[in-house]
$ cat upload-v5.cif   # mmCIF, C-alpha atoms
data_coords
#
loop_
_atom_site.label_atom_id
_atom_site.label_comp_id
_atom_site.auth_asym_id
_atom_site.auth_seq_id
_atom_site.Cartn_x
_atom_site.Cartn_y
_atom_site.Cartn_z
CA MET U 291 46.68 -10.20 -79.90
CA SER U 292 50.38 -10.74 -79.68
CA ARG U 293 52.81 -10.87 -82.54
CA ALA U 294 56.05 -12.76 -82.87
CA THR U 295 58.40 -12.60 -85.82
CA GLY U 296 60.75 -15.34 -86.88
CA ASN U 297 63.80 -15.29 -89.13
CA ASP U 298 61.85 -16.74 -92.07
CA GLY U 299 60.10 -13.43 -92.89
CA LEU U 300 56.74 -14.60 -91.58
CA MET U 301 54.65 -13.00 -88.86
CA GLU U 302 52.89 -15.27 -86.42
CA PHE U 303 49.67 -14.05 -84.82
CA ASN U 304 48.29 -15.66 -81.69
CA GLU U 305 44.52 -15.22 -81.71
CA THR U 306 43.80 -16.79 -78.33
CA PRO U 307 45.65 -16.50 -75.02
CA ALA U 308 46.20 -20.25 -74.97
CA GLY U 309 47.74 -20.07 -78.45
CA ALA U 310 45.22 -22.57 -79.80
CA GLN U 311 44.98 -20.85 -83.19
CA THR U 312 48.15 -19.64 -84.87
CA ALA U 313 48.16 -18.21 -88.39
CA LYS U 314 51.30 -17.43 -90.35
CA ARG U 315 51.14 -14.36 -92.53
CA ASP U 316 53.60 -13.24 -95.13
CA ARG U 317 55.37 -9.88 -94.84
CA LEU U 318 55.38 -9.40 -98.62
CA CYS U 319 51.59 -9.56 -98.72
CA PHE U 320 51.22 -7.19 -95.80
CA THR U 321 53.69 -4.71 -97.33
CA ALA U 322 51.93 -4.89 -100.72
CA MET U 323 48.60 -4.13 -99.07
CA VAL U 324 50.01 -1.17 -97.12
CA LEU U 325 51.73 0.25 -100.21
CA GLY U 326 48.50 -0.13 -102.19
CA ILE U 327 46.49 1.69 -99.52
CA VAL U 328 49.00 4.53 -99.32
CA ALA U 329 49.24 4.76 -103.12
CA VAL U 330 45.48 5.19 -103.43
CA ALA U 331 45.00 7.43 -100.39
CA VAL U 332 47.88 9.93 -100.72
CA PRO U 333 47.85 12.30 -103.71
CA PHE U 334 50.75 11.77 -106.14
CA ALA U 335 52.07 8.83 -104.07
CA GLU U 336 50.86 6.45 -106.76
CA LEU U 337 53.69 7.63 -108.99
CA LEU U 338 56.21 6.01 -106.64
CA LEU U 339 54.32 3.20 -104.91
CA THR U 340 52.30 1.55 -107.67
CA VAL U 341 54.96 -0.72 -109.13
CA PRO U 342 56.33 -1.92 -105.75
CA ALA U 343 52.78 -2.73 -104.56
CA ILE U 344 52.05 -4.81 -107.65
CA VAL U 345 55.43 -6.58 -107.63
CA LEU U 346 55.23 -7.45 -103.92
CA ALA U 347 51.65 -8.69 -104.28
CA VAL U 348 52.58 -10.99 -107.17
CA ALA U 349 55.65 -12.23 -105.27
CA GLY U 350 53.49 -12.84 -102.20
CA LEU U 351 50.95 -14.82 -104.22
CA GLY U 352 53.79 -16.93 -105.60
CA ARG U 353 55.07 -17.57 -102.10
CA ILE U 354 51.56 -18.56 -100.97
CA ARG U 355 51.40 -21.09 -103.81
CA ARG U 356 54.69 -22.63 -102.65
CA HIS U 357 53.81 -22.58 -98.93
CA PRO U 358 50.15 -23.55 -98.33
CA GLN U 359 50.38 -22.64 -94.63
CA LEU U 360 50.40 -18.97 -95.73
CA ARG U 361 46.91 -19.15 -97.26
CA ASP U 362 45.65 -16.62 -94.70
CA SER U 363 47.79 -13.97 -96.43
CA ARG U 364 46.06 -14.40 -99.79
CA ARG U 365 43.47 -11.69 -99.08
CA MET U 366 46.17 -9.17 -98.24
CA ALA U 367 48.07 -10.00 -101.43
CA VAL U 368 44.95 -9.69 -103.57
CA ALA U 369 44.06 -6.39 -101.86
CA GLY U 370 47.57 -5.08 -102.55
CA LEU U 371 47.35 -6.16 -106.18
CA VAL U 372 43.91 -4.61 -106.74
CA LEU U 373 44.88 -1.36 -105.00
CA GLY U 374 48.11 -1.26 -106.98
CA ILE U 375 46.19 -1.61 -110.24
CA ILE U 376 43.75 1.12 -109.15
CA ALA U 377 46.68 3.38 -108.27
CA LEU U 378 48.21 2.61 -111.68
CA ALA U 379 45.01 3.84 -113.30
CA MET U 380 45.23 6.98 -111.15
CA CYS U 381 48.76 7.67 -112.46
CA VAL U 382 47.48 8.94 -115.80
CA PRO U 383 45.55 11.92 -114.37
CA SER U 384 48.43 12.65 -111.97
CA LEU U 385 50.90 12.74 -114.85
CA LEU U 386 48.59 15.01 -116.84
CA ILE U 387 48.33 17.39 -113.87
CA LEU U 388 52.10 17.42 -113.40
CA ASN U 389 52.57 18.03 -117.13
CA ALA U 390 50.16 20.97 -117.02
CA ILE U 391 51.97 22.48 -114.02
CA TRP U 392 55.41 22.27 -115.61
#
$ encode --input "upload-v5.cif" --output "structure tokens"
Amino acid sequence: MSRATGNDGLMEFNETPAGAQTAKRDRLCFTAMVLGIVAVAVPFAELLLTVPAIVLAVAGLGRIRRHPQLRDSRRMAVAGLVLGIIALAMCVPSLLILNAIW
């Protein structure tokens, strides 16, 4: 699988060697998903990464609505949004732990 990036902020993935199927994916959605995964997986990272994951996911969903050719990125945006919300729920115990330490 090869990847090419244009100036419009979209990643283009070539699924077949002949280039018969090309899907455009949005960087905002991909970044939101990665931030959501890191926020959930790394202890205390949710304190810093929750809000950017949610904001980027919502912005990505808005961009998908405006540009229908980006519909393949919808799953990544939804995953970033859900993981961001889960990480937000994890912030409360993290803040209680930090409060108990200090």
$ resolve_selection --input "upload-v5.cif" --expression "the PyMOL selection byres ((chain U and resi 330) around 12)" --output "ChimeraX atom specification"
/U:323-329,331-340,343,369-381,384
$ write_last_selection --input "upload-v5.cif" --atoms "C-alpha atoms" --output "PDB file, in the frame of the given file"
ATOM      1  CA  MET U 323      48.600  -4.130 -99.070  1.00  0.00           C
ATOM      2  CA  VAL U 324      50.010  -1.170 -97.120  1.00  0.00           C
ATOM      3  CA  LEU U 325      51.730   0.250-100.210  1.00  0.00           C
ATOM      4  CA  GLY U 326      48.500  -0.130-102.190  1.00  0.00           C
ATOM      5  CA  ILE U 327      46.490   1.690 -99.520  1.00  0.00           C
ATOM      6  CA  VAL U 328      49.000   4.530 -99.320  1.00  0.00           C
ATOM      7  CA  ALA U 329      49.240   4.760-103.120  1.00  0.00           C
ATOM      8  CA  ALA U 331      45.000   7.430-100.390  1.00  0.00           C
ATOM      9  CA  VAL U 332      47.880   9.930-100.720  1.00  0.00           C
ATOM     10  CA  PRO U 333      47.850  12.300-103.710  1.00  0.00           C
ATOM     11  CA  PHE U 334      50.750  11.770-106.140  1.00  0.00           C
ATOM     12  CA  ALA U 335      52.070   8.830-104.070  1.00  0.00           C
ATOM     13  CA  GLU U 336      50.860   6.450-106.760  1.00  0.00           C
ATOM     14  CA  LEU U 337      53.690   7.630-108.990  1.00  0.00           C
ATOM     15  CA  LEU U 338      56.210   6.010-106.640  1.00  0.00           C
ATOM     16  CA  LEU U 339      54.320   3.200-104.910  1.00  0.00           C
ATOM     17  CA  THR U 340      52.300   1.550-107.670  1.00  0.00           C
ATOM     18  CA  ALA U 343      52.780  -2.730-104.560  1.00  0.00           C
ATOM     19  CA  ALA U 369      44.060  -6.390-101.860  1.00  0.00           C
ATOM     20  CA  GLY U 370      47.570  -5.080-102.550  1.00  0.00           C
ATOM     21  CA  LEU U 371      47.350  -6.160-106.180  1.00  0.00           C
ATOM     22  CA  VAL U 372      43.910  -4.610-106.740  1.00  0.00           C
ATOM     23  CA  LEU U 373      44.880  -1.360-105.000  1.00  0.00           C
ATOM     24  CA  GLY U 374      48.110  -1.260-106.980  1.00  0.00           C
ATOM     25  CA  ILE U 375      46.190  -1.610-110.240  1.00  0.00           C
ATOM     26  CA  ILE U 376      43.750   1.120-109.150  1.00  0.00           C
ATOM     27  CA  ALA U 377      46.680   3.380-108.270  1.00  0.00           C
ATOM     28  CA  LEU U 378      48.210   2.610-111.680  1.00  0.00           C
ATOM     29  CA  ALA U 379      45.010   3.840-113.300  1.00  0.00           C
ATOM     30  CA  MET U 380      45.230   6.980-111.150  1.00  0.00           C
ATOM     31  CA  CYS U 381      48.760   7.670-112.460  1.00  0.00           C
ATOM     32  CA  SER U 384      48.430  12.650-111.970  1.00  0.00           C
TER      33      SER U 384
END
$ atom_distance --input "upload-v5.cif" --atom1 "atom CA of Leu386 of chain U" --atom2 "atom CA of Ala367 of chain U"
29.4 Å
$ residues_around --input "upload-v5.cif" --residues "segment 351-365 of chain U" --least-positions-apart "5" --cutoff "10 Å" --atoms "all atoms listed in the file" --output "list in words"
Leu300, Ala313, Lys314, Arg315, Asp316, Arg317, Leu318, Cys319, Phe320, Met323, Val345, Leu346, Gly370 and Leu371 of chain U
$ atom_distance --input "upload-v5.cif" --atom1 "atom CA of Ala322 of chain U" --atom2 "atom CA of Val368 of chain U"
8.9 Å
